[in-house]
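Scroll down for the structure; my scribbles are underneath it.
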Amino acid sequence: ILTPRLSPDGRTLAFHAFGRIWLKDLETGVQRRLTPGSFRHLEYAPSWSPDGREIAFASWDETERGAIWRVRSSGGAPQRVTRAAGDYMQPAWSADG
C-alpha cells in the first residue's frame, strides 16, 4: 500500500496499489477501485478534497506522460485538471477546495 490518505471524516482510506487508486471502508474492511476499469493510465498519490467529496490524483502513461485528475469520492469517470503533460506528483487541495 502506497501513499495512504485518510478521508476528512476518518472513515475511509484512499491508497494506490498495482497502479490504481483504491478506497477502503475502515469499518467494514471493504475495498473498491475508485476509477472505472476503462481508465487506462496508471494512478497514484490520492489527495482528498477538504469536504471529502472528491479525490485528486496523479497519473502516468508512457506515451502521454502524466496529468492531475479529480473524481468524486463515490467513484466515476475522472476529469483531467491539468492541460500540459508532465511529471506530476503529490497533488494537494487548497483549504477552500
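Following the order of the C-alpha cells, first chain is A, next is B, and so on, with residues numbered from 1 inside each chain and ligands from 1 in the order they appear.
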Discussion item. Can you tell me which residues surround Tyr88 of chain A at a distance of at most 8 Å, considering only C-alpha atoms, apart from same-chain residues fewer than 3 positions away, and format the answer as a PyMOL selection string?
Written reply: chain A and resi 58-59+66-68+91
Worksheet item: Counting only C-alpha atoms, what is within 8 Å of Arg11 of chain A, bar same-chain residues fewer than 3 positions away, as a PyMOL selection string?
Response: chain A and resi 6-8+25-27
Taking C-alpha atoms for each residue, export the selection above as a CSV table (one decimal), in the first residue's frame.
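The resulting file, out-v9.csv, is reproduced below:
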```
chain,number,residue,atom,x,y,z
A,6,LEU,CA,-7.4,9.2,5.4
A,7,SER,CA,-10.6,10.8,4.5
A,8,PRO,CA,-11.6,14.0,6.3
A,25,ASP,CA,-14.0,1.5,4.3
A,26,LEU,CA,-12.3,1.2,7.7
A,27,GLU,CA,-15.4,0.0,9.5
```
Worksheet entry | Residue contacts of Ser47 of chain A (9 Å, only C-alpha atoms) excluding same-chain residues fewer than 5 positions away, as JSON, numbers by chain | {"A": [5, 6, 7, 14, 54, 55, 56, 57, 90, 91, 92, 93]}
Selection to disk with N, CA and C atoms, as a tab-separated table (two decimals), in the first residue's frame:
```tsv
chain	number	residue	atom	x	y	z
A	5	ARG	N	-4.02	7.80	2.41
A	5	ARG	CA	-4.59	9.09	2.84
A	5	ARG	C	-5.94	8.84	3.47
A	6	LEU	N	-6.10	9.31	4.68
A	6	LEU	CA	-7.35	9.15	5.42
A	6	LEU	C	-8.33	10.24	5.02
A	7	SER	N	-9.59	9.87	4.82
A	7	SER	CA	-10.63	10.84	4.45
A	7	SER	C	-10.82	11.85	5.58
A	14	ALA	N	-7.82	6.09	1.32
A	14	ALA	CA	-7.51	6.06	-0.11
A	14	ALA	C	-6.03	5.71	-0.23
A	54	GLU	N	-14.39	14.75	-3.16
A	54	GLU	CA	-13.60	14.45	-4.34
A	54	GLU	C	-12.20	13.99	-3.94
A	55	ILE	N	-11.55	13.33	-4.88
A	55	ILE	CA	-10.17	12.91	-4.70
A	55	ILE	C	-9.40	13.34	-5.94
A	56	ALA	N	-8.29	14.00	-5.74
A	56	ALA	CA	-7.38	14.33	-6.82
A	56	ALA	C	-6.29	13.26	-6.83
A	57	PHE	N	-5.74	13.00	-8.00
A	57	PHE	CA	-4.64	12.04	-8.08
A	57	PHE	C	-3.79	12.35	-9.31
A	90	GLN	N	2.13	14.16	-6.01
A	90	GLN	CA	1.53	14.63	-4.75
A	90	GLN	C	0.60	15.83	-4.92
A	91	PRO	N	-0.51	15.68	-5.62
A	91	PRO	CA	-1.45	16.81	-5.72
A	91	PRO	C	-2.00	17.16	-4.34
A	92	ALA	N	-2.35	18.42	-4.16
A	92	ALA	CA	-2.89	18.90	-2.88
A	92	ALA	C	-4.00	19.90	-3.15
A	93	TRP	N	-4.94	19.96	-2.23
A	93	TRP	CA	-6.09	20.86	-2.35
A	93	TRP	C	-5.82	22.12	-1.52
```
List every residue of segment 38-95 of chain A that has an atom at most 12 Å from any atom of segment 29-32 of chain A, giving for each one its closest atom pair and the distance in Å to one decimal, counting only C-alpha atoms, sorted by chain and then by ascending residue number, as a tab-separated table.
```
residue	atom	partner	partner_atom	distance
A:Ser73	CA	A:Arg32	CA	11.0
A:Ser74	CA	A:Arg32	CA	10.0
A:Gly75	CA	A:Arg32	CA	9.2
A:Gly76	CA	A:Arg32	CA	11.9
```
Store the residues picked out above in a file with C-alpha atoms, as a tab-separated table (two decimals), in the first residue's frame.
```tsv
chain	number	residue	atom	x	y	z
A	73	SER	CA	-15.05	10.00	-3.91
A	74	SER	CA	-18.08	7.84	-4.69
A	75	GLY	CA	-16.32	6.88	-7.93
A	76	GLY	CA	-16.91	7.56	-11.58
```
Worksheet item: In Å, with one decimal, what is the gap from atom CA of Leu42 of chain A to atom CA of Asp96 of chain A?
Response: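 That distance, rounded to one decimal, is 27.7 Å.
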Worksheet item: To one decimal place, how far is atom CA of Thr28 of chain A from atom CA of Trp69 of chain A in Å?
Response: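 Separation between atom CA of Thr28 of chain A and atom CA of Trp69 of chain A: 27.5 Å.
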Item to complete: Write out as a PyMOL selection string all residues of segment 1-88 of chain A that backbone DSSP assigns to strand (DSSP E).
Response: chain A and resi 2-6+12-17+20-25+31-33+42-48+54-60+67-72+79-80
Practice prompt. Compile the contact shell of Arg20 of chain A as an MDAnalysis selection string: residues with an atom at most 12 Å away, counting only C-alpha atoms, same-chain residues fewer than 5 positions apart removed.
Written response: chainID A and resid 1:3 14:15 32:46 57:60
Using N, CA, C and O atoms, can you write the selected residues to a file as a tab-separated table (two decimals), in the first residue's frame?
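So selection_7.tsv came out as:
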```
chain	number	residue	atom	x	y	z
A	1	ILE	N	0.86	-1.18	0.00
A	1	ILE	CA	0.00	0.00	0.00
A	1	ILE	C	0.90	1.23	0.00
A	1	ILE	O	1.78	1.36	0.84
A	2	LEU	N	0.62	2.12	-0.93
A	2	LEU	CA	1.44	3.32	-1.06
A	2	LEU	C	0.60	4.56	-0.90
A	2	LEU	O	-0.57	4.60	-1.28
A	3	THR	N	1.20	5.60	-0.38
A	3	THR	CA	0.58	6.91	-0.15
A	3	THR	C	-0.83	6.81	0.44
A	3	THR	O	-1.79	7.34	-0.13
A	14	ALA	N	-7.82	6.09	1.32
A	14	ALA	CA	-7.51	6.06	-0.11
A	14	ALA	C	-6.03	5.71	-0.23
A	14	ALA	O	-5.20	6.21	0.52
A	15	PHE	N	-5.71	4.86	-1.20
A	15	PHE	CA	-4.31	4.47	-1.41
A	15	PHE	C	-4.14	3.99	-2.84
A	15	PHE	O	-5.12	3.70	-3.53
A	32	ARG	N	-12.65	-1.02	-2.71
A	32	ARG	CA	-13.15	-0.88	-4.07
A	32	ARG	C	-12.24	0.06	-4.84
A	32	ARG	O	-11.60	0.93	-4.27
A	33	ARG	N	-12.22	-0.16	-6.14
A	33	ARG	CA	-11.44	0.71	-7.01
A	33	ARG	C	-12.18	2.02	-7.19
A	33	ARG	O	-13.41	2.04	-7.35
A	34	LEU	N	-11.46	3.14	-7.18
A	34	LEU	CA	-12.08	4.45	-7.32
A	34	LEU	C	-12.50	4.75	-8.75
A	34	LEU	O	-13.59	5.25	-9.00
A	35	THR	N	-11.63	4.46	-9.71
A	35	THR	CA	-11.90	4.81	-11.10
A	35	THR	C	-12.46	3.60	-11.85
A	35	THR	O	-12.29	2.46	-11.43
A	36	PRO	N	-13.12	3.84	-12.99
A	36	PRO	CA	-13.66	2.72	-13.76
A	36	PRO	C	-12.55	1.90	-14.43
A	36	PRO	O	-11.45	2.40	-14.66
A	37	GLY	N	-12.85	0.67	-14.73
A	37	GLY	CA	-11.89	-0.22	-15.38
A	37	GLY	C	-11.41	0.29	-16.72
A	37	GLY	O	-10.34	-0.10	-17.19
A	38	SER	N	-12.17	1.17	-17.34
A	38	SER	CA	-11.79	1.71	-18.65
A	38	SER	C	-10.71	2.80	-18.56
A	38	SER	O	-10.12	3.16	-19.58
A	39	PHE	N	-10.43	3.30	-17.36
A	39	PHE	CA	-9.39	4.32	-17.20
A	39	PHE	C	-8.04	3.65	-17.36
A	39	PHE	O	-7.65	2.79	-16.58
A	40	ARG	N	-7.29	4.02	-18.39
A	40	ARG	CA	-6.11	3.25	-18.78
A	40	ARG	C	-4.79	3.75	-18.20
A	40	ARG	O	-3.77	3.08	-18.31
A	41	HIS	N	-4.75	4.95	-17.64
A	41	HIS	CA	-3.50	5.49	-17.11
A	41	HIS	C	-3.17	4.87	-15.75
A	41	HIS	O	-4.08	4.47	-15.01
A	42	LEU	N	-1.90	4.83	-15.40
A	42	LEU	CA	-1.51	4.45	-14.04
A	42	LEU	C	-1.93	5.57	-13.10
A	42	LEU	O	-1.79	6.75	-13.44
A	43	GLU	N	-2.42	5.22	-11.93
A	43	GLU	CA	-2.95	6.19	-10.96
A	43	GLU	C	-2.12	6.12	-9.68
A	43	GLU	O	-1.78	5.03	-9.23
A	44	TYR	N	-1.84	7.27	-9.09
A	44	TYR	CA	-1.10	7.27	-7.81
A	44	TYR	C	-1.32	8.59	-7.07
A	44	TYR	O	-1.88	9.54	-7.61
A	45	ALA	N	-0.88	8.64	-5.83
A	45	ALA	CA	-0.88	9.83	-4.99
A	45	ALA	C	-2.26	10.45	-4.79
A	45	ALA	O	-2.49	11.61	-5.12
A	46	PRO	N	-3.21	9.71	-4.20
A	46	PRO	CA	-4.54	10.29	-3.96
A	46	PRO	C	-4.50	11.40	-2.92
A	46	PRO	O	-3.68	11.38	-2.00
A	57	PHE	N	-5.74	13.00	-8.00
A	57	PHE	CA	-4.64	12.04	-8.08
A	57	PHE	C	-3.79	12.35	-9.31
A	57	PHE	O	-4.23	13.05	-10.22
A	58	ALA	N	-2.59	11.82	-9.30
A	58	ALA	CA	-1.68	11.96	-10.44
A	58	ALA	C	-1.77	10.70	-11.29
A	58	ALA	O	-2.13	9.62	-10.78
A	59	SER	N	-1.45	10.85	-12.55
A	59	SER	CA	-1.44	9.70	-13.45
A	59	SER	C	-0.12	9.66	-14.21
A	59	SER	O	0.63	10.63	-14.25
A	60	TRP	N	0.11	8.50	-14.83
A	60	TRP	CA	1.27	8.35	-15.70
A	60	TRP	C	0.90	7.43	-16.85
A	60	TRP	O	0.20	6.43	-16.66
```
Fill in: Option closest in space to Thr63 of chain A, from A:Gly86, A:Pro4, A:Gly97, A:Gly10 [counting only C-alpha atoms]
A:Gly86
Worksheet entry | Two-atom distance - atom CA of Val81 of chain A, atom CA of Leu13 of chain A (Å) |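 Answer for the atom CA of Val81 of chain A to atom CA of Leu13 of chain A separation: 22.5 Å.
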